[in-house]
Amino acid sequence: MISSDIDEYGVWNLVPLELTQRSRLYHLLPIGVGTAQVESLTGYIVRLAEAHCVPVMTLIAKEIAPMANAAYLREKELRGFNKFSRMINGFGVVAATFKDALESLTLRKDLMYLTLLPWQKVMTNKCLLRQSQAWCPECYEEWKDAGKIIYFPLLWALNMITICPVHSRELIMECPFCKCNLYFIDSYSRAGFCSKCGYWLGKTCHSNNKVITITQETALLERVWTANSFGDLLKTAPISVSLPVREQISFSLVRCIQQVTEGNTYEFARFVGLNKNMLGDWRLGRHIPQVNYLSKICYRIGVSMAEFLLKDPVVKISTPTQTSYRKQAKRCIPNKEDVLKAFNNAVKEHPPATIKDISKIIGYSASKLYKNYPEQCKAISILVAKNKSRMLNEKWENIRVKMVAALNETNMQVSIAALSKKLSCHESALYRKFPELCHAIAAKHKDVGS
Ligand SMILES: [Zn+2]
Ligand SMILES: [Zn+2]
């Protein structure tokens, strides 16, 4: 080869390329950061476990716990972990520990916005996070139909949010099928499915049509307003120049009291319907208000929570704010005839309405119904329990028949994972209920595949 031939080839750069740092776990993108529908950190953990094809508790025990190095995350302690998993979405030590550990494992920098950590200086823990999940079945169903990722928004983890601001309907707080409350993280957690019975929690589940839709006549303005206001707050977090400080509360309160009652705290307390001594303490910065009180003040004076906590608030009182939350509460003492009628109707419904449903329909608390109508409540409870058991048996029988058909179908071989999706039932639930059938189907799939 002559030298002119060699000159035709470029000179190789032999300097080694610098590789960026690799993350231990997937660099999974959290959903909706910077929107009111931002994902919760517990929801993110559930999706991360699913992306790695491991149970959630395994991910926590084997990856997050060693990184977090926290005593309460030792493997033997994880048994009761589901009960306090809700705290991961808050702003305390647990939230900070999980956020740090997960950011180290995924190399993400935005997981703080999946928690309430940005608001830790201006919120108190009391009444902040709900004990168990609440969800909007219509949101789940819409995401599923649109082929979007199913996830658990942070807004649904807040105790004060009882309405879906997108669909203006009540959030559901128990699985319509097994009637269980669901922890935020459980051994078999999967977004959009019941972690106890594996049932799909979207709108198609059978009893959701009983849930009262918020119409204009029955609208509780304050609840809708609260959901929207909290949504704005979550939306604001990533774009705020600085995080709110404790002093902001007394500053904003002083400004609002000045605008509404010309500096008279006593009159302001009466106006917003709160105790004047509490308000005095908050005004002087001795304490900060529980988030439900904060929301109540903001609602009454027409200032969004984001404005109250981040800016110099300008009061916008409109007459509707003075309406009837209290009046509504007072007039909700139904007469006996109406209550008995509601019980009779509930018995005729299929599936029968629960005590909670009746309580919502007549606007009378469930505890008062139990106290004043024990016989009727007992009859309803028995009916609901019988129906639940019957439905559960029917469901499993239906699934069993389909599994047998899948096994006997000579031209078809299907994996348990695919079958569980088709049956809208978690894979682990299938194995627990029908171990032999599952093993036979898995063996058939393996045989045909090999
Ligand atoms: Zn919704
Ligand atoms: Zn369930």
# chains A, B, ... in the order shown; residues from 1 in each chain; ligands from 1
call {"tool": "residues_near_ligand", "arguments": {"ligand": "ligand 2", "cutoff": "12 Å", "atoms": "only C-alpha atoms and all ligand atoms", "output": "ChimeraX atom specification"}}
result
/A:173-183,188-190,192-202,205,388,391-392,395,424-426,429
call {"tool": "write_last_selection", "arguments": {"atoms": "C-alpha atoms", "output": "PDB file, in the first residue's frame"}}
result
ATOM      1  CA  MET A 173     -62.105   5.502  49.128  1.00  0.00           C
ATOM      2  CA  GLU A 174     -62.687   1.772  49.135  1.00  0.00           C
ATOM      3  CA  CYS A 175     -62.479  -0.940  46.522  1.00  0.00           C
ATOM      4  CA  PRO A 176     -66.040  -1.297  45.158  1.00  0.00           C
ATOM      5  CA  PHE A 177     -65.492  -5.016  44.898  1.00  0.00           C
ATOM      6  CA  CYS A 178     -63.857  -6.220  48.132  1.00  0.00           C
ATOM      7  CA  LYS A 179     -64.726  -3.054  50.129  1.00  0.00           C
ATOM      8  CA  CYS A 180     -61.149  -2.798  51.397  1.00  0.00           C
ATOM      9  CA  ASN A 181     -59.252   0.419  52.010  1.00  0.00           C
ATOM     10  CA  LEU A 182     -55.958   0.383  50.155  1.00  0.00           C
ATOM     11  CA  TYR A 183     -52.589   1.390  51.548  1.00  0.00           C
ATOM     12  CA  TYR A 188     -49.168  -6.281  45.539  1.00  0.00           C
ATOM     13  CA  SER A 189     -49.646  -2.612  44.716  1.00  0.00           C
ATOM     14  CA  ARG A 190     -50.231  -1.807  41.077  1.00  0.00           C
ATOM     15  CA  GLY A 192     -55.211   1.407  38.966  1.00  0.00           C
ATOM     16  CA  PHE A 193     -55.793  -2.016  40.562  1.00  0.00           C
ATOM     17  CA  CYS A 194     -56.930  -3.062  44.031  1.00  0.00           C
ATOM     18  CA  SER A 195     -53.916  -4.400  45.940  1.00  0.00           C
ATOM     19  CA  LYS A 196     -56.195  -6.739  47.933  1.00  0.00           C
ATOM     20  CA  CYS A 197     -58.384  -8.414  45.297  1.00  0.00           C
ATOM     21  CA  GLY A 198     -56.635  -7.342  42.097  1.00  0.00           C
ATOM     22  CA  TYR A 199     -59.755  -5.737  40.625  1.00  0.00           C
ATOM     23  CA  TRP A 200     -59.590  -2.875  38.084  1.00  0.00           C
ATOM     24  CA  LEU A 201     -60.579   0.363  39.842  1.00  0.00           C
ATOM     25  CA  GLY A 202     -61.646   2.324  36.749  1.00  0.00           C
ATOM     26  CA  CYS A 205     -66.210  -1.626  37.870  1.00  0.00           C
ATOM     27  CA  LYS A 388     -70.209  -8.976  48.431  1.00  0.00           C
ATOM     28  CA  MET A 391     -70.105 -11.219  43.783  1.00  0.00           C
ATOM     29  CA  LEU A 392     -66.672 -12.364  44.872  1.00  0.00           C
ATOM     30  CA  LYS A 395     -65.979 -13.197  39.904  1.00  0.00           C
ATOM     31  CA  SER A 424     -58.038  -7.549  34.734  1.00  0.00           C
ATOM     32  CA  CYS A 425     -56.705  -9.443  37.723  1.00  0.00           C
ATOM     33  CA  HIS A 426     -53.252  -9.247  39.239  1.00  0.00           C
ATOM     34  CA  ALA A 429     -53.869 -12.945  42.865  1.00  0.00           C
TER      35      ALA A 429
END
call {"tool": "residues_near_ligand", "arguments": {"ligand": "ligand 1", "cutoff": "10 Å", "atoms": "only C-alpha atoms and all ligand atoms", "output": "PyMOL selection string"}}
result
chain A and resi 135-143+163-171+203
call {"tool": "write_last_selection", "arguments": {"atoms": "N, CA and C atoms", "output": "mmCIF file, in the first residue's frame"}}
result
data_model
loop_
_atom_site.group_PDB
_atom_site.id
_atom_site.type_symbol
_atom_site.label_atom_id
_atom_site.label_comp_id
_atom_site.auth_asym_id
_atom_site.auth_seq_id
_atom_site.Cartn_x
_atom_site.Cartn_y
_atom_site.Cartn_z
ATOM 1 N N TRP A 135 -59.394 7.649 45.012
ATOM 2 C CA TRP A 135 -59.113 7.778 43.582
ATOM 3 C C TRP A 135 -60.379 8.124 42.797
ATOM 4 N N CYS A 136 -60.143 8.633 41.594
ATOM 5 C CA CYS A 136 -61.257 8.950 40.693
ATOM 6 C C CYS A 136 -61.310 7.857 39.622
ATOM 7 N N PRO A 137 -62.364 7.028 39.618
ATOM 8 C CA PRO A 137 -62.445 5.940 38.635
ATOM 9 C C PRO A 137 -62.526 6.449 37.202
ATOM 10 N N GLU A 138 -63.087 7.654 37.040
ATOM 11 C CA GLU A 138 -63.202 8.192 35.671
ATOM 12 C C GLU A 138 -61.834 8.575 35.126
ATOM 13 N N CYS A 139 -60.967 9.101 35.999
ATOM 14 C CA CYS A 139 -59.602 9.429 35.553
ATOM 15 C C CYS A 139 -58.909 8.140 35.101
ATOM 16 N N TYR A 140 -58.974 7.100 35.950
ATOM 17 C CA TYR A 140 -58.333 5.817 35.602
ATOM 18 C C TYR A 140 -58.834 5.318 34.245
ATOM 19 N N GLU A 141 -60.165 5.377 34.092
ATOM 20 C CA GLU A 141 -60.768 4.834 32.874
ATOM 21 C C GLU A 141 -60.331 5.640 31.642
ATOM 22 N N GLU A 142 -60.323 6.959 31.802
ATOM 23 C CA GLU A 142 -59.926 7.822 30.676
ATOM 24 C C GLU A 142 -58.492 7.542 30.254
ATOM 25 N N TRP A 143 -57.601 7.424 31.253
ATOM 26 C CA TRP A 143 -56.186 7.170 30.934
ATOM 27 C C TRP A 143 -56.042 5.828 30.221
ATOM 28 N N ILE A 163 -62.853 15.561 46.079
ATOM 29 C CA ILE A 163 -63.489 15.716 44.770
ATOM 30 C C ILE A 163 -62.414 15.637 43.688
ATOM 31 N N CYS A 164 -62.732 15.005 42.561
ATOM 32 C CA CYS A 164 -61.807 15.069 41.416
ATOM 33 C C CYS A 164 -62.079 16.390 40.700
ATOM 34 N N PRO A 165 -61.086 17.286 40.658
ATOM 35 C CA PRO A 165 -61.345 18.582 40.019
ATOM 36 C C PRO A 165 -61.554 18.461 38.514
ATOM 37 N N VAL A 166 -61.087 17.365 37.908
ATOM 38 C CA VAL A 166 -61.258 17.195 36.461
ATOM 39 C C VAL A 166 -62.691 16.771 36.144
ATOM 40 N N HIS A 167 -63.225 15.838 36.927
ATOM 41 C CA HIS A 167 -64.559 15.307 36.627
ATOM 42 C C HIS A 167 -65.652 15.787 37.587
ATOM 43 N N SER A 168 -65.274 16.628 38.533
ATOM 44 C CA SER A 168 -66.235 17.131 39.529
ATOM 45 C C SER A 168 -67.068 16.007 40.125
ATOM 46 N N ARG A 169 -66.400 14.999 40.614
ATOM 47 C CA ARG A 169 -67.123 13.892 41.253
ATOM 48 C C ARG A 169 -66.357 13.430 42.492
ATOM 49 N N GLU A 170 -67.082 12.743 43.369
ATOM 50 C CA GLU A 170 -66.479 12.276 44.618
ATOM 51 C C GLU A 170 -65.356 11.281 44.336
ATOM 52 N N LEU A 171 -64.301 11.364 45.112
ATOM 53 C CA LEU A 171 -63.271 10.326 45.018
ATOM 54 C C LEU A 171 -63.785 9.070 45.733
ATOM 55 N N LYS A 203 -63.721 3.155 35.901
ATOM 56 C CA LYS A 203 -65.168 3.389 35.926
ATOM 57 C C LYS A 203 -65.988 2.150 35.632
#
call {"tool": "select_by_dssp", "arguments": {"residues": "segment 140-375 of chain A", "states": "alpha helix (DSSP H)", "output": "PyMOL selection string"}}
result
chain A and resi 140-145+221-236+247-261+265-272+276-284+291-301+305-310+325-331+336-348+355-362+366-372+374-375
call {"tool": "write_last_selection", "arguments": {"atoms": "C-alpha atoms", "output": "short mmCIF file (atom, residue, chain, number, x, y, z; two decimals), in the first residue's frame"}}
result
data_model
loop_
_atom_site.label_atom_id
_atom_site.label_comp_id
_atom_site.auth_asym_id
_atom_site.auth_seq_id
_atom_site.Cartn_x
_atom_site.Cartn_y
_atom_site.Cartn_z
CA TYR A 140 -58.33 5.82 35.60
CA GLU A 141 -60.77 4.83 32.87
CA GLU A 142 -59.93 7.82 30.68
CA TRP A 143 -56.19 7.17 30.93
CA LYS A 144 -56.71 3.52 30.12
CA ASP A 145 -58.91 4.30 27.07
CA LEU A 221 -68.33 24.90 46.28
CA GLU A 222 -65.72 24.82 48.98
CA ARG A 223 -64.64 21.26 48.23
CA VAL A 224 -64.29 21.91 44.51
CA TRP A 225 -62.46 25.14 45.22
CA THR A 226 -60.11 23.35 47.63
CA ALA A 227 -59.22 20.70 45.05
CA ASN A 228 -58.45 23.35 42.43
CA SER A 229 -56.52 25.50 44.89
CA PHE A 230 -54.31 22.59 46.03
CA GLY A 231 -53.83 21.67 42.38
CA ASP A 232 -52.52 25.19 41.70
CA LEU A 233 -50.18 24.86 44.64
CA LEU A 234 -48.66 21.62 43.31
CA LYS A 235 -48.38 23.18 39.86
CA THR A 236 -46.49 26.16 41.25
CA GLU A 247 -42.94 34.04 58.15
CA GLN A 248 -44.99 34.25 54.95
CA ILE A 249 -48.09 33.06 56.81
CA SER A 250 -48.15 35.87 59.37
CA PHE A 251 -47.24 38.36 56.63
CA SER A 252 -50.13 37.25 54.38
CA LEU A 253 -52.54 37.06 57.30
CA VAL A 254 -51.77 40.60 58.40
CA ARG A 255 -52.28 41.81 54.83
CA CYS A 256 -55.61 40.01 54.51
CA ILE A 257 -56.91 41.13 57.91
CA GLN A 258 -56.06 44.67 56.93
CA GLN A 259 -57.98 44.40 53.66
CA VAL A 260 -61.06 42.61 55.03
CA THR A 261 -61.63 44.14 58.47
CA THR A 265 -58.45 40.25 64.07
CA TYR A 266 -61.60 39.53 66.09
CA GLU A 267 -63.90 40.58 63.24
CA PHE A 268 -61.76 38.69 60.73
CA ALA A 269 -62.00 35.54 62.87
CA ARG A 270 -65.77 35.84 62.86
CA PHE A 271 -65.79 36.41 59.13
CA VAL A 272 -63.79 33.30 58.31
CA LYS A 276 -59.90 34.42 67.34
CA ASN A 277 -57.14 33.19 69.68
CA MET A 278 -55.87 30.74 67.06
CA LEU A 279 -55.90 33.48 64.46
CA GLY A 280 -54.06 35.79 66.83
CA ASP A 281 -51.32 33.17 67.29
CA TRP A 282 -50.95 32.66 63.56
CA ARG A 283 -50.89 36.40 62.98
CA LEU A 284 -48.07 36.81 65.48
CA VAL A 291 -53.79 23.08 56.30
CA ASN A 292 -57.60 22.74 56.52
CA TYR A 293 -57.81 26.05 58.43
CA LEU A 294 -55.48 27.68 55.95
CA SER A 295 -57.64 26.49 53.09
CA LYS A 296 -60.78 27.72 54.85
CA ILE A 297 -59.34 31.22 55.28
CA CYS A 298 -58.24 31.33 51.64
CA TYR A 299 -61.65 30.17 50.43
CA ARG A 300 -63.54 32.73 52.47
CA ILE A 301 -61.44 35.66 51.26
CA MET A 305 -53.43 29.10 48.49
CA ALA A 306 -50.51 29.60 46.10
CA GLU A 307 -51.02 33.36 46.27
CA PHE A 308 -51.34 33.28 50.07
CA LEU A 309 -48.18 31.22 50.53
CA LEU A 310 -45.98 32.83 47.90
CA TYR A 325 -71.47 25.70 54.25
CA ARG A 326 -72.62 26.07 57.80
CA LYS A 327 -76.28 26.35 56.84
CA GLN A 328 -75.98 23.15 54.86
CA ALA A 329 -74.54 21.35 57.83
CA LYS A 330 -77.34 22.59 60.08
CA ARG A 331 -80.23 21.70 57.87
CA LYS A 336 -87.69 9.73 59.99
CA GLU A 337 -89.93 9.07 57.01
CA ASP A 338 -87.20 10.11 54.55
CA VAL A 339 -84.61 7.97 56.28
CA LEU A 340 -86.82 4.88 56.26
CA LYS A 341 -87.63 5.49 52.62
CA ALA A 342 -83.89 5.66 51.85
CA PHE A 343 -83.38 2.33 53.66
CA ASN A 344 -86.23 0.73 51.69
CA ASN A 345 -84.83 1.98 48.40
CA ALA A 346 -81.36 0.77 49.36
CA VAL A 347 -82.65 -2.77 49.89
CA LYS A 348 -84.27 -2.80 46.46
CA ILE A 355 -74.72 2.62 54.92
CA LYS A 356 -72.17 5.10 53.58
CA ASP A 357 -74.17 5.47 50.36
CA ILE A 358 -77.38 6.07 52.29
CA SER A 359 -75.59 8.56 54.49
CA LYS A 360 -74.43 10.51 51.42
CA ILE A 361 -77.86 10.41 49.77
CA ILE A 362 -79.77 11.79 52.76
CA ALA A 366 -73.27 7.15 59.08
CA SER A 367 -72.56 7.12 62.82
CA LYS A 368 -75.92 8.81 63.50
CA LEU A 369 -77.67 6.31 61.27
CA TYR A 370 -76.11 3.44 63.25
CA LYS A 371 -77.15 5.08 66.50
CA ASN A 372 -80.74 5.98 65.58
CA PRO A 374 -79.72 0.12 64.44
CA GLU A 375 -82.15 -2.50 63.10
#
call {"tool": "atom_distance", "arguments": {"atom1": "atom CA of Ile185 of chain A", "atom2": "atom CA of Ser23 of chain A"}}
result
23.4 Å
call {"tool": "select_by_dssp", "arguments": {"residues": "segment 51-294 of chain A", "states": "strand (DSSP E)", "output": "list in words"}}
result
Ile163, Cys164, Arg169 and Glu170 of chain A
call {"tool": "write_last_selection", "arguments": {"atoms": "C-alpha atoms", "output": "short mmCIF file (atom, residue, chain, number, x, y, z; two decimals), in the first residue's frame"}}
result
data_model
loop_
_atom_site.label_atom_id
_atom_site.label_comp_id
_atom_site.auth_asym_id
_atom_site.auth_seq_id
_atom_site.Cartn_x
_atom_site.Cartn_y
_atom_site.Cartn_z
CA ILE A 163 -63.49 15.72 44.77
CA CYS A 164 -61.81 15.07 41.42
CA ARG A 169 -67.12 13.89 41.25
CA GLU A 170 -66.48 12.28 44.62
#
call {"tool": "decode", "arguments": {"residues": "segment 167-193 of chain A", "atoms": "N, CA and C atoms", "output": "compact mmCIF listing (two decimals), in the first residue's frame"}}
result
# COMPACT_ATOMS: atom_id res chain seq x y z
N HIS A 167 -63.22 15.84 36.93
CA HIS A 167 -64.56 15.31 36.63
C HIS A 167 -65.65 15.79 37.59
N SER A 168 -65.27 16.63 38.53
CA SER A 168 -66.23 17.13 39.53
C SER A 168 -67.07 16.01 40.12
N ARG A 169 -66.40 15.00 40.61
CA ARG A 169 -67.12 13.89 41.25
C ARG A 169 -66.36 13.43 42.49
N GLU A 170 -67.08 12.74 43.37
CA GLU A 170 -66.48 12.28 44.62
C GLU A 170 -65.36 11.28 44.34
N LEU A 171 -64.30 11.36 45.11
CA LEU A 171 -63.27 10.33 45.02
C LEU A 171 -63.78 9.07 45.73
N ILE A 172 -63.33 7.91 45.27
CA ILE A 172 -63.71 6.63 45.89
C ILE A 172 -62.64 6.28 46.92
N MET A 173 -63.08 5.77 48.08
CA MET A 173 -62.10 5.50 49.13
C MET A 173 -62.02 4.03 49.52
N GLU A 174 -62.83 3.21 48.87
CA GLU A 174 -62.69 1.77 49.13
C GLU A 174 -62.94 1.02 47.84
N CYS A 175 -62.31 -0.15 47.74
CA CYS A 175 -62.48 -0.94 46.52
C CYS A 175 -63.96 -1.32 46.40
N PRO A 176 -64.62 -0.99 45.28
CA PRO A 176 -66.04 -1.30 45.16
C PRO A 176 -66.32 -2.79 45.18
N PHE A 177 -65.27 -3.57 44.95
CA PHE A 177 -65.49 -5.02 44.90
C PHE A 177 -65.30 -5.70 46.25
N CYS A 178 -64.11 -5.52 46.86
CA CYS A 178 -63.86 -6.22 48.13
C CYS A 178 -64.09 -5.31 49.33
N LYS A 179 -64.43 -4.04 49.08
CA LYS A 179 -64.73 -3.05 50.13
C LYS A 179 -63.54 -2.78 51.05
N CYS A 180 -62.34 -3.06 50.58
CA CYS A 180 -61.15 -2.80 51.40
C CYS A 180 -60.64 -1.38 51.15
N ASN A 181 -60.02 -0.81 52.19
CA ASN A 181 -59.25 0.42 52.01
C ASN A 181 -57.85 0.00 51.58
N LEU A 182 -57.24 0.80 50.74
CA LEU A 182 -55.96 0.38 50.15
C LEU A 182 -54.82 1.26 50.65
N TYR A 183 -53.77 0.62 51.14
CA TYR A 183 -52.59 1.39 51.55
C TYR A 183 -51.92 1.98 50.30
N PHE A 184 -51.10 2.99 50.52
CA PHE A 184 -50.42 3.61 49.36
C PHE A 184 -49.40 2.66 48.76
N ILE A 185 -48.74 1.90 49.64
CA ILE A 185 -47.83 0.87 49.12
C ILE A 185 -48.16 -0.41 49.86
N ASP A 186 -48.39 -1.45 49.10
CA ASP A 186 -48.69 -2.75 49.69
C ASP A 186 -47.90 -3.80 48.89
N SER A 187 -47.91 -5.01 49.39
CA SER A 187 -47.11 -6.04 48.73
C SER A 187 -47.45 -6.17 47.24
N TYR A 188 -48.76 -6.06 46.92
CA TYR A 188 -49.17 -6.28 45.54
C TYR A 188 -49.73 -5.00 44.91
N SER A 189 -49.16 -3.88 45.28
CA SER A 189 -49.65 -2.61 44.72
C SER A 189 -49.39 -2.55 43.22
N ARG A 190 -50.38 -2.04 42.51
CA ARG A 190 -50.23 -1.81 41.08
C ARG A 190 -51.19 -0.67 40.71
N ALA A 191 -50.69 0.34 40.03
CA ALA A 191 -51.50 1.53 39.75
C ALA A 191 -52.80 1.16 39.04
N GLY A 192 -53.91 1.62 39.60
CA GLY A 192 -55.21 1.41 38.97
C GLY A 192 -55.90 0.11 39.37
N PHE A 193 -55.20 -0.73 40.16
CA PHE A 193 -55.79 -2.02 40.56
C PHE A 193 -55.85 -2.10 42.09
